[in-house]
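Participant: Coordinates in target.csv, CSV, N, CA and C atoms and all ligand atoms, are listed below.
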```csv
chain,number,residue,atom,x,y,z
A,1,MET,N,-2.0,-13.0,22.3
A,1,MET,CA,-1.6,-11.8,23.1
A,1,MET,C,-0.1,-11.9,23.5
A,2,SER,N,0.5,-10.7,23.5
A,2,SER,CA,1.9,-10.7,23.8
A,2,SER,C,2.0,-9.8,25.1
A,3,ASN,N,3.0,-10.2,25.8
A,3,ASN,CA,3.2,-9.4,27.1
A,3,ASN,C,4.4,-8.5,27.0
A,4,HIS,N,4.9,-8.3,25.8
A,4,HIS,CA,6.0,-7.4,25.8
A,4,HIS,C,5.5,-6.0,25.6
A,5,ASP,N,6.3,-5.0,25.9
A,5,ASP,CA,5.9,-3.6,25.8
A,5,ASP,C,5.8,-3.2,24.3
A,6,SER,N,4.7,-3.4,23.7
A,6,SER,CA,4.6,-3.3,22.3
A,6,SER,C,5.1,-1.9,21.7
A,7,SER,N,4.5,-0.9,22.1
A,7,SER,CA,4.7,0.4,21.5
A,7,SER,C,6.2,0.8,21.6
A,8,ALA,N,6.8,0.7,22.8
A,8,ALA,CA,8.1,1.1,23.0
A,8,ALA,C,9.1,0.3,22.2
A,9,SER,N,8.8,-0.9,21.8
A,9,SER,CA,9.7,-1.8,21.1
A,9,SER,C,9.6,-1.7,19.6
A,10,GLU,N,8.6,-1.0,19.1
A,10,GLU,CA,8.4,-0.9,17.7
A,10,GLU,C,9.3,0.2,17.1
A,11,LEU,N,9.6,0.1,15.8
A,11,LEU,CA,10.4,1.1,15.2
A,11,LEU,C,9.6,2.5,15.3
A,12,PRO,N,10.4,3.5,15.4
A,12,PRO,CA,9.7,4.8,15.3
A,12,PRO,C,9.1,5.1,13.9
A,13,PHE,N,8.0,5.8,13.9
A,13,PHE,CA,7.4,6.2,12.6
A,13,PHE,C,8.4,7.1,11.9
A,14,ASP,N,8.7,6.7,10.7
A,14,ASP,CA,9.8,7.5,9.9
A,14,ASP,C,9.4,7.5,8.5
A,15,GLU,N,9.2,8.7,7.9
A,15,GLU,CA,8.8,8.8,6.5
A,15,GLU,C,10.0,8.9,5.5
A,16,THR,N,11.2,8.7,6.0
A,16,THR,CA,12.4,8.8,5.2
A,16,THR,C,12.3,7.6,4.2
A,17,PRO,N,12.2,7.8,2.9
A,17,PRO,CA,12.0,6.7,2.0
A,17,PRO,C,13.2,5.8,1.9
A,18,LEU,N,13.0,4.5,1.9
A,18,LEU,CA,14.0,3.5,1.7
A,18,LEU,C,13.8,2.9,0.3
A,19,PRO,N,14.8,3.1,-0.6
A,19,PRO,CA,14.6,2.6,-2.0
A,19,PRO,C,14.3,1.1,-2.0
A,20,GLU,N,15.0,0.4,-1.1
A,20,GLU,CA,14.8,-1.1,-1.2
A,20,GLU,C,13.4,-1.4,-0.7
A,21,TRP,N,12.8,-0.6,0.1
A,21,TRP,CA,11.4,-0.9,0.5
A,21,TRP,C,10.5,-0.8,-0.8
A,22,ALA,N,10.7,0.3,-1.5
A,22,ALA,CA,9.9,0.4,-2.8
A,22,ALA,C,10.1,-0.7,-3.7
A,23,ASP,N,11.3,-1.1,-3.8
A,23,ASP,CA,11.7,-2.3,-4.8
A,23,ASP,C,10.9,-3.5,-4.3
A,24,GLU,N,10.9,-3.8,-3.0
A,24,GLU,CA,10.3,-5.0,-2.5
A,24,GLU,C,8.8,-5.0,-2.7
A,25,ILE,N,8.2,-3.9,-2.4
A,25,ILE,CA,6.7,-3.7,-2.6
A,25,ILE,C,6.4,-3.9,-4.0
A,26,ALA,N,7.2,-3.3,-4.9
A,26,ALA,CA,6.9,-3.4,-6.3
A,26,ALA,C,6.9,-4.8,-6.8
A,27,LYS,N,7.7,-5.7,-6.2
A,27,LYS,CA,7.8,-7.1,-6.6
A,27,LYS,C,6.6,-7.9,-6.2
A,28,TRP,N,5.9,-7.5,-5.2
A,28,TRP,CA,4.7,-8.3,-4.8
A,28,TRP,C,3.7,-8.3,-6.0
A,29,PRO,N,3.1,-9.5,-6.3
A,29,PRO,CA,2.2,-9.5,-7.4
A,29,PRO,C,0.8,-8.9,-7.1
A,30,TRP,N,0.3,-8.1,-8.0
A,30,TRP,CA,-1.1,-7.6,-7.9
A,30,TRP,C,-2.0,-8.7,-8.2
A,31,VAL,N,-3.1,-8.8,-7.3
A,31,VAL,CA,-4.1,-9.9,-7.4
A,31,VAL,C,-5.4,-9.2,-7.7
A,32,LEU,N,-6.1,-9.7,-8.7
A,32,LEU,CA,-7.4,-9.1,-9.1
A,32,LEU,C,-8.4,-9.5,-7.9
A,33,ILE,N,-9.0,-8.4,-7.3
A,33,ILE,CA,-9.8,-8.7,-6.1
A,33,ILE,C,-11.3,-8.2,-6.4
A,34,HIS,N,-11.5,-7.5,-7.4
A,34,HIS,CA,-12.9,-7.0,-7.7
A,34,HIS,C,-13.0,-6.8,-9.2
A,35,LYS,N,-13.8,-7.6,-9.8
A,35,LYS,CA,-14.0,-7.3,-11.3
A,35,LYS,C,-15.5,-7.3,-11.5
A,36,ASN,N,-16.0,-6.1,-11.5
A,36,ASN,CA,-17.4,-5.8,-11.7
A,36,ASN,C,-17.5,-4.5,-12.5
A,37,PRO,N,-17.3,-4.6,-13.8
A,37,PRO,CA,-17.2,-3.4,-14.6
A,37,PRO,C,-18.3,-2.5,-14.3
A,38,PRO,N,-18.1,-1.2,-14.3
A,38,PRO,CA,-16.8,-0.6,-14.7
A,38,PRO,C,-15.7,-0.5,-13.6
A,39,ILE,N,-16.0,-1.2,-12.5
A,39,ILE,CA,-14.9,-1.1,-11.5
A,39,ILE,C,-14.1,-2.4,-11.4
A,40,ILE,N,-12.8,-2.2,-11.5
A,40,ILE,CA,-11.9,-3.3,-11.4
A,40,ILE,C,-10.9,-2.9,-10.4
A,41,ALA,N,-10.6,-3.8,-9.5
A,41,ALA,CA,-9.6,-3.4,-8.4
A,41,ALA,C,-8.6,-4.6,-8.2
A,42,TRP,N,-7.4,-4.2,-7.9
A,42,TRP,CA,-6.4,-5.1,-7.6
A,42,TRP,C,-5.8,-4.8,-6.2
A,43,GLY,N,-5.3,-5.9,-5.6
A,43,GLY,CA,-4.6,-5.7,-4.3
A,43,GLY,C,-3.4,-6.4,-4.2
A,44,LYS,N,-2.6,-6.1,-3.2
A,44,LYS,CA,-1.4,-6.9,-2.9
A,44,LYS,C,-1.2,-6.7,-1.4
A,45,GLU,N,-0.7,-7.7,-0.8
A,45,GLU,CA,-0.4,-7.7,0.7
A,45,GLU,C,0.8,-8.5,1.0
A,46,GLY,N,1.3,-8.3,2.2
A,46,GLY,CA,2.4,-9.0,2.6
A,46,GLY,C,3.0,-8.4,3.9
A,47,THR,N,4.2,-8.8,4.2
A,47,THR,CA,4.9,-8.4,5.4
A,47,THR,C,5.7,-7.2,5.0
A,48,CYS,N,5.5,-6.1,5.7
A,48,CYS,CA,6.2,-4.8,5.4
A,48,CYS,C,7.7,-5.1,5.6
A,49,PRO,N,8.5,-4.8,4.5
A,49,PRO,CA,9.9,-5.1,4.6
A,49,PRO,C,10.7,-4.2,5.6
A,50,HIS,N,10.0,-3.2,6.1
A,50,HIS,CA,10.7,-2.3,7.0
A,50,HIS,C,10.3,-2.7,8.5
A,51,CYS,N,9.0,-2.7,8.8
A,51,CYS,CA,8.6,-2.9,10.2
A,51,CYS,C,8.2,-4.4,10.5
A,52,GLY,N,8.0,-5.2,9.4
A,52,GLY,CA,7.7,-6.6,9.7
A,52,GLY,C,6.3,-6.9,10.0
A,53,HIS,N,5.4,-5.9,9.8
A,53,HIS,CA,4.0,-6.2,10.1
A,53,HIS,C,3.2,-6.3,8.8
A,54,HIS,N,2.0,-6.9,8.9
A,54,HIS,CA,1.2,-7.1,7.7
A,54,HIS,C,0.7,-5.8,7.2
A,55,MET,N,0.8,-5.6,5.9
A,55,MET,CA,0.2,-4.4,5.2
A,55,MET,C,-0.5,-4.8,3.9
A,56,SER,N,-1.3,-4.0,3.4
A,56,SER,CA,-2.1,-4.3,2.2
A,56,SER,C,-2.3,-3.0,1.4
A,57,ILE,N,-2.6,-3.2,0.1
A,57,ILE,CA,-2.8,-2.1,-0.8
A,57,ILE,C,-3.9,-2.5,-1.7
A,58,ILE,N,-4.8,-1.5,-2.0
A,58,ILE,CA,-5.9,-1.7,-2.9
A,58,ILE,C,-5.8,-0.6,-3.9
A,59,GLU,N,-5.8,-0.9,-5.2
A,59,GLU,CA,-5.8,0.1,-6.2
A,59,GLU,C,-6.9,-0.2,-7.3
A,60,SER,N,-7.4,0.7,-8.0
A,60,SER,CA,-8.5,0.5,-8.9
A,60,SER,C,-8.4,1.4,-10.1
A,61,ASN,N,-9.2,1.1,-11.1
A,61,ASN,CA,-9.3,2.0,-12.2
A,61,ASN,C,-10.2,3.2,-11.9
A,62,ARG,N,-10.9,3.2,-10.7
A,62,ARG,CA,-11.7,4.2,-10.2
A,62,ARG,C,-11.3,4.6,-8.8
A,63,PRO,N,-11.5,5.9,-8.5
A,63,PRO,CA,-11.0,6.3,-7.2
A,63,PRO,C,-11.8,5.8,-6.0
A,64,ILE,N,-13.0,5.2,-6.3
A,64,ILE,CA,-13.9,4.8,-5.2
A,64,ILE,C,-14.2,3.3,-5.4
A,65,VAL,N,-13.9,2.5,-4.4
A,65,VAL,CA,-14.2,1.0,-4.4
A,65,VAL,C,-14.9,0.7,-3.1
A,66,HIS,N,-16.1,0.1,-3.2
A,66,HIS,CA,-16.8,-0.3,-2.0
A,66,HIS,C,-17.0,0.9,-1.0
A,67,GLY,N,-17.2,2.1,-1.6
A,67,GLY,CA,-17.3,3.3,-0.7
A,67,GLY,C,-16.1,3.8,-0.1
A,68,LEU,N,-15.0,3.1,-0.4
A,68,LEU,CA,-13.7,3.6,0.2
A,68,LEU,C,-12.9,4.3,-0.9
A,69,GLU,N,-12.4,5.4,-0.5
A,69,GLU,CA,-11.6,6.2,-1.4
A,69,GLU,C,-10.2,5.6,-1.5
A,70,VAL,N,-9.8,5.2,-2.7
A,70,VAL,CA,-8.5,4.6,-2.8
A,70,VAL,C,-7.8,5.4,-3.9
A,71,SER,N,-6.6,5.2,-4.1
A,71,SER,CA,-5.8,5.8,-5.2
A,71,SER,C,-6.0,7.3,-5.3
A,72,ARG,N,-5.9,8.0,-4.3
A,72,ARG,CA,-6.1,9.4,-4.3
A,72,ARG,C,-4.9,10.1,-5.0
A,73,PHE,N,-3.9,9.4,-5.3
A,73,PHE,CA,-2.7,10.1,-5.7
A,73,PHE,C,-2.3,9.8,-7.2
A,74,TYR,N,-3.4,9.5,-8.0
A,74,TYR,CA,-3.1,9.2,-9.4
A,74,TYR,C,-2.3,10.4,-10.0
A,75,GLU,N,-1.3,10.1,-10.7
A,75,GLU,CA,-0.6,11.1,-11.4
A,75,GLU,C,-0.8,11.0,-12.9
A,76,ALA,N,-1.0,9.9,-13.4
A,76,ALA,CA,-1.3,9.7,-14.8
A,76,ALA,C,-2.0,8.4,-15.0
A,77,ARG,N,-3.1,8.5,-15.8
A,77,ARG,CA,-3.9,7.3,-16.1
A,77,ARG,C,-3.9,6.9,-17.5
A,78,ARG,N,-4.0,5.6,-17.8
A,78,ARG,CA,-4.3,5.2,-19.2
A,78,ARG,C,-5.7,5.6,-19.6
A,79,ASN,N,-6.0,5.4,-20.8
A,79,ASN,CA,-7.3,5.7,-21.3
A,79,ASN,C,-8.4,4.9,-20.6
A,80,ASP,N,-8.1,3.7,-20.1
A,80,ASP,CA,-9.1,2.9,-19.4
A,80,ASP,C,-9.2,3.3,-17.9
A,81,GLY,N,-8.5,4.3,-17.5
A,81,GLY,CA,-8.6,4.8,-16.1
A,81,GLY,C,-7.6,4.2,-15.2
A,82,ILE,N,-6.9,3.2,-15.6
A,82,ILE,CA,-5.9,2.6,-14.7
A,82,ILE,C,-4.7,3.4,-14.6
A,83,PRO,N,-4.3,3.8,-13.4
A,83,PRO,CA,-3.1,4.6,-13.2
A,83,PRO,C,-1.8,3.9,-13.6
A,84,GLU,N,-0.9,4.7,-14.1
A,84,GLU,CA,0.4,4.1,-14.5
A,84,GLU,C,1.3,4.0,-13.2
A,85,ILE,N,1.1,4.9,-12.3
A,85,ILE,CA,1.9,4.8,-11.1
A,85,ILE,C,1.0,5.0,-9.9
A,86,VAL,N,1.2,4.3,-8.8
A,86,VAL,CA,0.4,4.5,-7.6
A,86,VAL,C,1.3,4.8,-6.5
A,87,TYR,N,0.7,5.5,-5.5
A,87,TYR,CA,1.4,5.9,-4.3
A,87,TYR,C,0.9,4.9,-3.2
A,88,VAL,N,1.9,4.2,-2.6
A,88,VAL,CA,1.6,3.2,-1.6
A,88,VAL,C,2.3,3.5,-0.3
A,89,TRP,N,1.7,3.0,0.7
A,89,TRP,CA,2.4,3.2,2.0
A,89,TRP,C,2.1,2.1,3.0
A,90,CYS,N,2.9,1.9,3.9
A,90,CYS,CA,2.7,0.8,4.9
A,90,CYS,C,1.4,1.2,5.7
A,91,ASN,N,0.5,0.3,5.8
A,91,ASN,CA,-0.8,0.6,6.6
A,91,ASN,C,-0.9,-0.5,7.7
A,92,CYS,N,0.2,-0.9,8.2
A,92,CYS,CA,0.1,-1.9,9.3
A,92,CYS,C,-0.7,-1.3,10.5
A,93,ASP,N,-1.3,-2.2,11.3
A,93,ASP,CA,-2.2,-1.6,12.3
A,93,ASP,C,-1.4,-1.6,13.7
A,94,VAL,N,-0.1,-1.6,13.6
A,94,VAL,CA,0.7,-1.6,14.9
A,94,VAL,C,1.1,-0.1,15.1
A,95,ALA,N,1.0,0.3,16.3
A,95,ALA,CA,1.3,1.7,16.6
A,95,ALA,C,2.9,1.9,16.6
A,96,HIS,N,3.3,2.7,15.7
A,96,HIS,CA,4.8,3.0,15.8
A,96,HIS,C,4.9,4.4,16.5
A,97,PRO,N,5.8,4.4,17.5
A,97,PRO,CA,5.8,5.7,18.3
A,97,PRO,C,6.4,6.8,17.5
A,98,PRO,N,6.0,8.1,17.7
A,98,PRO,CA,4.9,8.4,18.6
A,98,PRO,C,3.6,8.0,18.0
A,99,GLU,N,2.7,7.5,18.8
A,99,GLU,CA,1.5,6.8,18.3
A,99,GLU,C,0.6,7.8,17.4
A,100,ALA,N,0.7,9.1,17.7
A,100,ALA,CA,-0.1,10.0,16.9
A,100,ALA,C,0.4,10.3,15.5
A,101,ALA,N,1.6,9.7,15.2
A,101,ALA,CA,2.3,10.1,13.9
A,101,ALA,C,1.4,9.7,12.7
A,102,GLY,N,0.8,8.5,12.7
A,102,GLY,CA,0.0,8.2,11.5
A,102,GLY,C,0.0,6.7,11.4
A,103,GLU,N,-0.6,6.3,10.3
A,103,GLU,CA,-0.8,4.9,10.0
A,103,GLU,C,0.5,4.2,9.5
A,104,GLY,N,0.7,3.0,10.0
A,104,GLY,CA,1.9,2.3,9.5
A,104,GLY,C,3.2,2.8,10.1
A,105,CYS,N,4.3,2.3,9.5
A,105,CYS,CA,5.6,2.7,10.0
A,105,CYS,C,6.2,3.9,9.3
A,106,GLY,N,5.4,4.4,8.3
A,106,GLY,CA,5.9,5.7,7.7
A,106,GLY,C,6.5,5.4,6.3
A,107,GLN,N,6.8,4.2,5.9
A,107,GLN,CA,7.4,3.9,4.6
A,107,GLN,C,6.3,4.2,3.5
A,108,HIS,N,6.8,4.7,2.4
A,108,HIS,CA,5.9,5.1,1.3
A,108,HIS,C,6.7,5.2,0.1
A,109,ALA,N,6.0,5.0,-1.1
A,109,ALA,CA,6.7,5.1,-2.3
A,109,ALA,C,5.7,5.2,-3.5
A,110,ARG,N,6.2,5.6,-4.6
A,110,ARG,CA,5.5,5.5,-5.9
A,110,ARG,C,6.0,4.3,-6.6
A,111,ILE,N,5.1,3.4,-7.0
A,111,ILE,CA,5.5,2.2,-7.7
A,111,ILE,C,4.7,2.1,-9.0
A,112,PRO,N,5.3,1.3,-10.0
A,112,PRO,CA,4.5,1.1,-11.3
A,112,PRO,C,3.2,0.3,-11.0
A,113,PHE,N,2.2,0.6,-11.7
A,113,PHE,CA,0.9,-0.1,-11.5
A,113,PHE,C,0.5,-0.7,-12.8
A,114,SER,N,0.1,0.1,-13.8
A,114,SER,CA,-0.5,-0.5,-15.0
A,114,SER,C,0.5,-1.5,-15.7
A,115,SER,N,1.7,-1.2,-15.7
A,115,SER,CA,2.7,-2.1,-16.3
A,115,SER,C,3.0,-3.4,-15.5
A,116,ALA,N,2.5,-3.4,-14.3
A,116,ALA,CA,2.8,-4.6,-13.4
A,116,ALA,C,1.6,-5.5,-13.3
A,117,LEU,N,0.4,-5.1,-13.9
A,117,LEU,CA,-0.8,-5.9,-13.7
A,117,LEU,C,-0.7,-7.2,-14.5
A,118,PRO,N,-1.3,-8.2,-13.9
A,118,PRO,CA,-1.5,-9.5,-14.7
A,118,PRO,C,-2.6,-9.2,-15.8
A,119,ASN,N,-2.6,-10.0,-16.8
A,119,ASN,CA,-3.6,-9.9,-17.9
A,119,ASN,C,-5.0,-10.2,-17.3
A,120,LEU,N,-6.0,-9.5,-17.7
A,120,LEU,CA,-7.4,-9.8,-17.2
A,120,LEU,C,-7.9,-11.1,-17.8
B,1,ZN,ZN,4.4,-1.7,11.3
B,2,ZN,ZN,5.8,-1.0,7.8
```
Could you spell out this file's structure in structure tokens?
Facilitator:
Amino acid sequence: MSNHDSSASELPFDETPLPEWADEIAKWPWVLIHKNPPIIAWGKEGTCPHCGHHMSIIESNRPIVHGLEVSRFYEARRNDGIPEIVYVWCNCDVAHPPEAAGEGCGQHARIPFSSALPNL
């Protein structure tokens, strides 16, 4: 538990894209987290380079994994269903003021996916 005034001291929610944020997220390795054909999913997680909170990403060759809708923003897919580019955003669970703004700190980007995957 922390006794500082959490919400007021956090960065404001801001969707202005930071190119260096996208570059950093793109560098995190994708880890195979679900391999049960026909569904294969990869994830990555780490400390958001903007707000410093934990964030995670799940992407799949299918839009639904474990009942959760993921990868809603596919723009182009390979023949095997794996998207070439995915839309990612900070999903930290810390409230960035104003609290009603949305999930995470607002950072988001399109990053390469299929070309960045490890071999199965
Ligand atoms: Zn955050
Ligand atoms: Zn963040």
Participant: Produce as a ChimeraX atom specification the set of residues near ligand ZN 2 (chain B), where near means within 6.5 Å with only N, CA and C atoms and all ligand atoms considered.
Facilitator: /A:48-53,90-92,104-107
Participant: Please measure the separation of atom C of Asn119 (chain A) and CA of Met55 (chain A), giving the value in Å to one decimal.
Facilitator: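 These atoms are spaced 23.8 Å apart.
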Participant: What's the separation between CA of Glu103 (chain A) and CA of Glu15 (chain A), in Å to one decimal place?
Facilitator: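 Computed distance, CA of Glu103 (chain A) to CA of Glu15 (chain A), equals 10.9 Å.
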Participant: Which is closer to Ala41 (chain A) than all the others in A:Ile82, A:Leu117, A:Asn61, A:Lys27, using all atoms listed in the file?
Facilitator: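 The answer is A:Asn61, which sits nearest to Ala41 (chain A).
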Participant: Find the spatial neighbours of region 38-40 of chain A, counting only N, CA and C atoms, within a cut-off of 7 Å - ignore same-chain residues fewer than 2 positions away - and output them as a PDB file with N, CA and C atoms, in the frame of the given file.
Facilitator:
```pdb
ATOM      1  N   ILE A  33      -9.000  -8.400  -7.300  1.00  0.00           N
ATOM      2  CA  ILE A  33      -9.800  -8.700  -6.100  1.00  0.00           C
ATOM      3  C   ILE A  33     -11.300  -8.200  -6.400  1.00  0.00           C
ATOM      4  N   HIS A  34     -11.500  -7.500  -7.400  1.00  0.00           N
ATOM      5  CA  HIS A  34     -12.900  -7.000  -7.700  1.00  0.00           C
ATOM      6  C   HIS A  34     -13.000  -6.800  -9.200  1.00  0.00           C
ATOM      7  N   LYS A  35     -13.800  -7.600  -9.800  1.00  0.00           N
ATOM      8  CA  LYS A  35     -14.000  -7.300 -11.300  1.00  0.00           C
ATOM      9  C   LYS A  35     -15.500  -7.300 -11.500  1.00  0.00           C
ATOM     10  N   ASN A  36     -16.000  -6.100 -11.500  1.00  0.00           N
ATOM     11  CA  ASN A  36     -17.400  -5.800 -11.700  1.00  0.00           C
ATOM     12  C   ASN A  36     -17.500  -4.500 -12.500  1.00  0.00           C
ATOM     13  N   TRP A  42      -7.400  -4.200  -7.900  1.00  0.00           N
ATOM     14  CA  TRP A  42      -6.400  -5.100  -7.600  1.00  0.00           C
ATOM     15  C   TRP A  42      -5.800  -4.800  -6.200  1.00  0.00           C
ATOM     16  N   GLU A  59      -5.800  -0.900  -5.200  1.00  0.00           N
ATOM     17  CA  GLU A  59      -5.800   0.100  -6.200  1.00  0.00           C
ATOM     18  C   GLU A  59      -6.900  -0.200  -7.300  1.00  0.00           C
ATOM     19  N   SER A  60      -7.400   0.700  -8.000  1.00  0.00           N
ATOM     20  CA  SER A  60      -8.500   0.500  -8.900  1.00  0.00           C
ATOM     21  C   SER A  60      -8.400   1.400 -10.100  1.00  0.00           C
ATOM     22  N   ASN A  61      -9.200   1.100 -11.100  1.00  0.00           N
ATOM     23  CA  ASN A  61      -9.300   2.000 -12.200  1.00  0.00           C
ATOM     24  C   ASN A  61     -10.200   3.200 -11.900  1.00  0.00           C
ATOM     25  N   ARG A  62     -10.900   3.200 -10.700  1.00  0.00           N
ATOM     26  CA  ARG A  62     -11.700   4.200 -10.200  1.00  0.00           C
ATOM     27  C   ARG A  62     -11.300   4.600  -8.800  1.00  0.00           C
TER      28      ARG A  62
END
```
Participant: Could you check how far atom C of Tyr87 (chain A) sits from atom C of Arg110 (chain A), in Å to one decimal?
Facilitator: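 Computing it gives 6.2 Å between the two atoms.
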